[in-house]
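File shown: data_26.tsv. Contents: TSV, C-alpha atoms.
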chain	number	residue	atom	x	y	z
X	2	MET	CA	69.53	251.41	5.89
X	3	GLU	CA	67.63	250.03	2.95
X	4	GLY	CA	70.00	249.16	0.16
X	5	THR	CA	72.79	248.47	2.64
X	6	THR	CA	75.91	247.13	0.95
X	7	ALA	CA	77.50	243.85	1.95
X	8	SER	CA	80.53	245.81	3.15
X	9	GLN	CA	78.36	247.98	5.42
X	10	ILE	CA	76.58	244.91	6.77
X	11	GLU	CA	79.93	243.23	7.45
X	12	LYS	CA	81.06	246.29	9.41
X	13	VAL	CA	77.83	246.34	11.42
X	14	LEU	CA	78.05	242.61	12.24
X	15	THR	CA	81.72	242.91	13.20
X	16	ASN	CA	80.90	245.73	15.62
X	17	LEU	CA	77.89	243.87	17.03
X	18	ALA	CA	80.14	240.89	17.77
X	19	ARG	CA	82.65	243.26	19.39
X	20	ILE	CA	79.91	244.68	21.62
X	21	GLU	CA	78.90	241.23	22.81
X	22	GLN	CA	82.54	240.30	23.39
X	23	GLY	CA	83.03	243.51	25.37
X	24	LEU	CA	80.03	242.73	27.55
X	25	ALA	CA	81.40	239.21	28.03
X	26	LYS	CA	84.70	240.72	29.21
X	27	ILE	CA	82.84	242.80	31.80
X	28	TYR	CA	81.02	239.73	33.10
X	29	ASP	CA	84.19	237.65	32.98
X	30	PHE	CA	85.88	240.27	35.16
X	31	LEU	CA	83.00	240.07	37.63
X	32	SER	CA	83.06	236.26	37.58
X	33	GLN	CA	86.65	236.35	38.81
X	34	LYS	CA	86.24	238.89	41.63
X	35	LYS	CA	87.94	237.40	44.68
X	36	GLY	CA	85.50	238.90	47.19
X	37	PHE	CA	82.41	237.51	45.49
X	38	SER	CA	80.75	234.33	46.70
X	39	LYS	CA	80.94	231.23	44.50
X	40	PRO	CA	77.25	231.43	43.47
X	41	VAL	CA	77.69	235.06	42.41
X	42	GLN	CA	80.85	234.23	40.49
X	43	LYS	CA	78.97	231.38	38.79
X	44	PHE	CA	76.12	233.76	37.89
X	45	TRP	CA	78.54	236.16	36.16
X	46	GLU	CA	80.21	233.22	34.40
X	47	THR	CA	76.82	232.11	33.04
X	48	ILE	CA	76.02	235.62	31.79
X	49	LYS	CA	79.48	235.81	30.17
X	50	ILE	CA	78.84	232.54	28.32
X	51	GLU	CA	75.51	233.84	27.04
X	52	GLU	CA	77.16	237.05	25.79
X	53	MET	CA	79.83	234.99	24.01
X	54	ARG	CA	77.05	232.96	22.38
X	55	HIS	CA	75.50	236.22	21.18
X	56	ALA	CA	78.85	237.23	19.66
X	57	ALA	CA	78.96	233.84	17.94
X	58	TYR	CA	75.54	234.51	16.37
X	59	PHE	CA	76.83	237.75	14.85
X	60	ASN	CA	80.02	236.04	13.68
X	61	GLU	CA	77.94	233.26	12.13
X	62	MET	CA	75.89	235.85	10.24
X	63	LEU	CA	79.10	237.58	9.19
X	64	ASP	CA	80.42	234.32	7.73
X	65	LYS	CA	77.16	233.81	5.84
X	66	VAL	CA	77.18	237.37	4.47
X	67	ARG	CA	80.73	236.80	3.23
X	68	GLN	CA	79.55	233.64	1.44
X	69	GLU	CA	76.34	235.15	0.11
X	70	SER	CA	76.10	238.95	0.16
X	71	SER	CA	72.28	238.88	0.11
X	72	TYR	CA	72.03	236.74	3.27
X	73	ILE	CA	70.90	239.81	5.22
X	74	ARG	CA	68.38	241.83	3.23
X	75	SER	CA	68.96	245.05	5.12
X	76	THR	CA	69.77	246.56	8.44
X	77	GLU	CA	68.46	249.77	9.91
X	78	ILE	CA	71.44	250.20	12.20
X	79	ASP	CA	73.13	253.58	12.18
X	80	PRO	CA	76.90	252.90	12.06
X	81	ASN	CA	77.59	256.06	14.10
X	82	GLU	CA	75.20	254.95	16.84
X	83	LEU	CA	76.83	251.53	16.79
X	84	GLN	CA	80.31	253.03	17.13
X	85	GLU	CA	79.15	255.13	20.10
X	86	PHE	CA	77.78	251.94	21.65
X	87	VAL	CA	81.14	250.17	21.23
X	88	GLN	CA	82.83	253.10	22.96
X	89	LYS	CA	80.33	252.97	25.86
X	90	VAL	CA	80.96	249.25	26.37
X	91	ASN	CA	84.73	249.81	26.36
X	92	ALA	CA	84.39	252.71	28.81
X	93	SER	CA	82.20	250.54	31.07
X	94	LEU	CA	84.84	247.81	31.08
X	95	GLU	CA	87.58	250.28	32.02
X	96	SER	CA	85.37	251.81	34.71
X	97	ILE	CA	84.52	248.50	36.33
X	98	LYS	CA	88.17	247.44	36.42
X	99	LYS	CA	89.03	250.57	38.44
X	100	THR	CA	86.24	250.14	40.97
X	101	ASN	CA	86.13	247.77	43.93
X	102	LEU	CA	82.47	246.79	43.71
X	103	THR	CA	80.47	244.82	46.23
X	104	GLU	CA	78.19	242.08	44.90
X	105	ALA	CA	75.17	244.39	45.13
X	106	GLU	CA	77.03	247.23	43.41
X	107	ALA	CA	78.09	244.84	40.64
X	108	TYR	CA	74.46	243.89	40.03
X	109	SER	CA	73.49	247.58	39.97
X	110	PHE	CA	76.34	248.41	37.60
X	111	ALA	CA	75.42	245.54	35.27
X	112	ALA	CA	71.71	246.40	35.43
X	113	HIS	CA	72.63	249.91	34.34
X	114	ILE	CA	74.73	248.52	31.49
X	115	GLU	CA	71.93	246.23	30.32
X	116	ALA	CA	69.35	249.04	30.50
X	117	ASP	CA	71.47	251.90	29.17
X	118	LEU	CA	73.40	249.86	26.64
X	119	ASP	CA	70.51	247.71	25.41
X	120	GLU	CA	72.31	245.82	22.67
X	121	ALA	CA	69.20	243.82	21.82
X	122	HIS	CA	67.62	246.73	19.99
X	123	PHE	CA	70.36	246.44	17.37
X	124	ALA	CA	69.50	242.80	16.62
X	125	GLU	CA	65.86	243.77	16.10
X	126	LYS	CA	66.97	245.95	13.18
X	127	ILE	CA	68.55	243.10	11.22
X	128	HIS	CA	66.31	241.66	8.52
X	129	VAL	CA	67.21	238.10	7.61
X	130	GLU	CA	65.18	235.42	5.84
X	131	ASP	CA	66.89	232.51	7.63
X	132	SER	CA	64.33	231.28	10.17
X	133	VAL	CA	66.99	229.54	12.27
X	134	MET	CA	68.94	232.78	12.57
X	135	ARG	CA	65.78	234.75	13.34
X	136	THR	CA	65.16	232.29	16.18
X	137	LYS	CA	68.72	232.78	17.44
X	138	LEU	CA	68.28	236.56	17.35
X	139	GLN	CA	65.00	236.26	19.26
X	140	THR	CA	66.70	234.02	21.83
X	141	MET	CA	69.42	236.64	22.20
X	142	ASN	CA	66.84	239.38	22.71
X	143	ASN	CA	65.03	237.30	25.32
X	144	GLU	CA	68.27	236.55	27.16
X	145	THR	CA	69.22	240.22	27.16
X	146	LYS	CA	65.85	241.17	28.65
X	147	LYS	CA	66.23	238.37	31.21
X	148	HIS	CA	69.71	239.65	32.15
X	149	SER	CA	68.31	243.09	32.83
X	150	VAL	CA	65.44	241.85	35.00
X	151	ILE	CA	67.65	239.49	37.02
X	152	MET	CA	70.29	242.12	37.62
X	153	ILE	CA	67.78	244.76	38.64
X	154	ASN	CA	66.15	242.30	41.05
X	155	HIS	CA	69.49	241.26	42.53
X	156	ALA	CA	70.52	244.92	42.89
X	157	ARG	CA	67.31	245.50	44.85
X	158	GLY	CA	67.95	242.42	47.00
X	159	ILE	CA	65.24	240.32	45.32
X	160	LYS	CA	66.37	236.81	44.46
Reformat the file's structure so that it appears as C-alpha cells.
Amino acid sequence: MEGTTASQIEKVLTNLARIEQGLAKIYDFLSQKKGFSKPVQKFWETIKIEEMRHAAYFNEMLDKVRQESSYIRSTEIDPNELQEFVQKVNASLESIKKTNLTEAEAYSFAAHIEADLDEAHFAEKIHVEDSVMRTKLQTMNNETKKHSVIMINHARGIK
C-alpha cells in the first residue's frame, strides 16, 4: 500500500499486535493444561513469551509512528486480509479451549496454526528505515519459522 497514511499504518500495527497477543493466549492456554508434563508446559510458556515479545515489537512501532508519522515508509498489508487473519486466530483460540488435546495433538494443532496462519509474512511487508527495528522484525520471522519446525517435529514424535 504505497502512500499508506499514518492512520492506516496505525490500524495495521494494532491488528498485528492483536494477532501476536491472540497467539500468545493460545500458547498460554496450552502451557496451563493440567494433563501436560512440566517440560511440555514450559515449552508452551516459552513460545507464549516469544509471541508476547512479537506483540511488543508491533506496539513499539505503533508508538514510533504516533510520534513520527513517517517512521514506517509503507506497508503492503491488505487490511481485509489482516482482519481475516485476526478472526482465524480468535477462532483457533475458541476451538482449542473446547478440545481436550493430548500433547501430540497440541503440537499438531499449533503446527497447523503456525503454517496456516503464518503471521511472519505480514512483518515482511513492513518497510522501515530503523535498522534496529528491521533486526527485531527479522528475529520475529526467524522465531516464527523455528516455532513451525519445532511443532511439526514434535507432532511427528521427533524431538
Practice prompt. Find the spatial neighbours of X:Glu77, counting all atoms listed in the file, within a cut-off of 12 Å - ignore same-chain residues fewer than 4 positions away - and output them as a list of chain:residue names.
Written response: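 Everything that qualifies: X:Met2, X:Glu3, X:Gly4, X:Thr5, X:Thr6, X:Gln9, X:Ile10, X:Val13, X:Ile73, X:Asn81, X:Glu82, X:Leu83, X:His122, X:Phe123, X:Ala124, X:Glu125, X:Lys126, X:Ile127, X:His128, X:Val129.
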Compile the contact shell of stretch 139-152 of chain X as an mmCIF file with C-alpha atoms, in the frame of the given file: residues with an atom at most 10 Å away, counting all atoms listed in the file, same-chain residues fewer than 2 positions apart removed.
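Ended up saving to result35.cif:
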data_model
loop_
_atom_site.group_PDB
_atom_site.id
_atom_site.type_symbol
_atom_site.label_atom_id
_atom_site.label_comp_id
_atom_site.auth_asym_id
_atom_site.auth_seq_id
_atom_site.Cartn_x
_atom_site.Cartn_y
_atom_site.Cartn_z
ATOM 1 C CA ILE X 48 76.020 235.620 31.790
ATOM 2 C CA GLU X 51 75.510 233.840 27.040
ATOM 3 C CA GLU X 52 77.160 237.050 25.790
ATOM 4 C CA ARG X 54 77.050 232.960 22.380
ATOM 5 C CA HIS X 55 75.500 236.220 21.180
ATOM 6 C CA ALA X 56 78.850 237.230 19.660
ATOM 7 C CA TYR X 58 75.540 234.510 16.370
ATOM 8 C CA ALA X 105 75.170 244.390 45.130
ATOM 9 C CA ALA X 107 78.090 244.840 40.640
ATOM 10 C CA TYR X 108 74.460 243.890 40.030
ATOM 11 C CA SER X 109 73.490 247.580 39.970
ATOM 12 C CA PHE X 110 76.340 248.410 37.600
ATOM 13 C CA ALA X 111 75.420 245.540 35.270
ATOM 14 C CA ALA X 112 71.710 246.400 35.430
ATOM 15 C CA HIS X 113 72.630 249.910 34.340
ATOM 16 C CA ILE X 114 74.730 248.520 31.490
ATOM 17 C CA GLU X 115 71.930 246.230 30.320
ATOM 18 C CA ALA X 116 69.350 249.040 30.500
ATOM 19 C CA ASP X 119 70.510 247.710 25.410
ATOM 20 C CA GLU X 120 72.310 245.820 22.670
ATOM 21 C CA ALA X 121 69.200 243.820 21.820
ATOM 22 C CA HIS X 122 67.620 246.730 19.990
ATOM 23 C CA PHE X 123 70.360 246.440 17.370
ATOM 24 C CA ALA X 124 69.500 242.800 16.620
ATOM 25 C CA GLU X 125 65.860 243.770 16.100
ATOM 26 C CA VAL X 133 66.990 229.540 12.270
ATOM 27 C CA MET X 134 68.940 232.780 12.570
ATOM 28 C CA ARG X 135 65.780 234.750 13.340
ATOM 29 C CA THR X 136 65.160 232.290 16.180
ATOM 30 C CA LYS X 137 68.720 232.780 17.440
ATOM 31 C CA ASN X 154 66.150 242.300 41.050
ATOM 32 C CA HIS X 155 69.490 241.260 42.530
ATOM 33 C CA ALA X 156 70.520 244.920 42.890
ATOM 34 C CA ARG X 157 67.310 245.500 44.850
ATOM 35 C CA GLY X 158 67.950 242.420 47.000
ATOM 36 C CA ILE X 159 65.240 240.320 45.320
ATOM 37 C CA LYS X 160 66.370 236.810 44.460
#
Would you list the contacts of stretch 89-100 of chain X as a PDB file with C-alpha atoms, in the coordinates of the input, taking every protein, DNA or RNA residue within 7 Å and counting all atoms listed in the file, but skipping same-chain residues closer than 4 positions in sequence?
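So around_15.pdb came out as:
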ATOM      1  CA  ILE X  20      79.910 244.680  21.620  1.00  0.00           C
ATOM      2  CA  GLY X  23      83.030 243.510  25.370  1.00  0.00           C
ATOM      3  CA  LEU X  24      80.030 242.730  27.550  1.00  0.00           C
ATOM      4  CA  ILE X  27      82.840 242.800  31.800  1.00  0.00           C
ATOM      5  CA  GLU X  85      79.150 255.130  20.100  1.00  0.00           C
TER       6      GLU X  85
END
Worksheet item: Quick one: of X:Phe59, X:Tyr28, X:Leu14, X:Tyr72, who's nearest to X:Phe44, counting all atoms listed in the file?
Response: X:Tyr28
Worksheet item: With all atoms listed in the file as the basis for distance, which of X:Asp131, X:Ala7, X:Ala25, X:Gln33 is at the shortest distance from X:Gln68?
Response: X:Ala7
Worksheet item: For X:Ser75, which residue among X:Asn101, X:Leu31, X:Glu130, X:Ile50 is the nearest when counting only C-alpha atoms?
Response: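 Under the stated criterion, the closest residue is X:Glu130.
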Place all heavy atoms on stretch 93-104 of chain X and deliver the coordinates as a compact mmCIF listing (two decimals), keeping the file's coordinate frame.
# COMPACT_ATOMS: atom_id res chain seq x y z
N SER X 93 82.77 251.27 29.93
CA SER X 93 82.20 250.54 31.07
C SER X 93 83.19 249.51 31.59
O SER X 93 83.34 249.34 32.80
CB SER X 93 80.89 249.86 30.68
OG SER X 93 79.91 250.81 30.39
N LEU X 94 83.86 248.81 30.68
CA LEU X 94 84.84 247.81 31.08
C LEU X 94 85.99 248.47 31.85
O LEU X 94 86.39 247.98 32.91
CB LEU X 94 85.38 247.06 29.85
CG LEU X 94 86.46 246.02 30.12
CD1 LEU X 94 85.98 244.95 31.09
CD2 LEU X 94 86.92 245.39 28.80
N GLU X 95 86.48 249.58 31.34
CA GLU X 95 87.58 250.28 32.02
C GLU X 95 87.13 250.79 33.38
O GLU X 95 87.87 250.70 34.36
CB GLU X 95 88.09 251.44 31.15
CG GLU X 95 88.83 250.97 29.91
CD GLU X 95 89.94 249.98 30.20
OE1 GLU X 95 90.77 250.22 31.10
OE2 GLU X 95 89.96 248.91 29.54
N SER X 96 85.91 251.29 33.45
CA SER X 96 85.37 251.81 34.71
C SER X 96 85.26 250.72 35.76
O SER X 96 85.64 250.92 36.92
CB SER X 96 84.01 252.45 34.45
OG SER X 96 83.38 252.80 35.65
N ILE X 97 84.74 249.58 35.37
CA ILE X 97 84.52 248.50 36.33
C ILE X 97 85.84 247.93 36.84
O ILE X 97 85.95 247.51 37.98
CB ILE X 97 83.60 247.41 35.76
CG1 ILE X 97 82.97 246.61 36.89
CG2 ILE X 97 84.33 246.50 34.81
CD1 ILE X 97 81.81 245.77 36.48
N LYS X 98 86.86 247.95 36.01
CA LYS X 98 88.17 247.44 36.42
C LYS X 98 88.81 248.34 37.48
O LYS X 98 89.63 247.88 38.27
CB LYS X 98 89.10 247.32 35.22
CG LYS X 98 88.79 246.15 34.33
CD LYS X 98 89.77 246.06 33.18
CE LYS X 98 89.52 244.83 32.35
NZ LYS X 98 90.49 244.73 31.23
N LYS X 99 88.44 249.61 37.51
CA LYS X 99 89.03 250.57 38.44
C LYS X 99 88.25 250.68 39.75
O LYS X 99 88.67 251.38 40.66
CB LYS X 99 89.10 251.95 37.79
CG LYS X 99 90.01 252.01 36.60
CD LYS X 99 89.96 253.36 35.94
CE LYS X 99 90.80 253.37 34.68
NZ LYS X 99 90.69 254.64 33.97
N THR X 100 87.12 250.00 39.83
CA THR X 100 86.24 250.14 40.97
C THR X 100 86.21 248.84 41.77
O THR X 100 86.14 247.77 41.19
CB THR X 100 84.81 250.48 40.50
OG1 THR X 100 84.88 251.60 39.62
CG2 THR X 100 83.91 250.81 41.66
N ASN X 101 86.23 248.95 43.07
CA ASN X 101 86.13 247.77 43.93
C ASN X 101 84.66 247.61 44.34
O ASN X 101 84.24 248.09 45.38
CB ASN X 101 87.04 247.91 45.15
CG ASN X 101 87.11 246.62 45.93
OD1 ASN X 101 86.80 245.54 45.41
ND2 ASN X 101 87.51 246.71 47.18
N LEU X 102 83.90 246.92 43.51
CA LEU X 102 82.47 246.79 43.71
C LEU X 102 82.12 245.67 44.68
O LEU X 102 82.76 244.62 44.70
CB LEU X 102 81.78 246.46 42.38
CG LEU X 102 81.90 247.47 41.24
CD1 LEU X 102 81.29 246.90 39.97
CD2 LEU X 102 81.20 248.76 41.61
N THR X 103 81.06 245.90 45.46
CA THR X 103 80.47 244.82 46.23
C THR X 103 79.59 244.01 45.28
O THR X 103 79.34 244.43 44.15
CB THR X 103 79.58 245.37 47.37
OG1 THR X 103 78.48 246.06 46.77
CG2 THR X 103 80.38 246.30 48.29
N GLU X 104 79.09 242.89 45.73
CA GLU X 104 78.19 242.08 44.90
C GLU X 104 76.97 242.89 44.48
O GLU X 104 76.58 242.89 43.31
CB GLU X 104 77.78 240.80 45.62
CG GLU X 104 78.91 239.80 45.76
CD GLU X 104 78.51 238.53 46.50
OE1 GLU X 104 77.33 238.39 46.90
OE2 GLU X 104 79.39 237.67 46.67
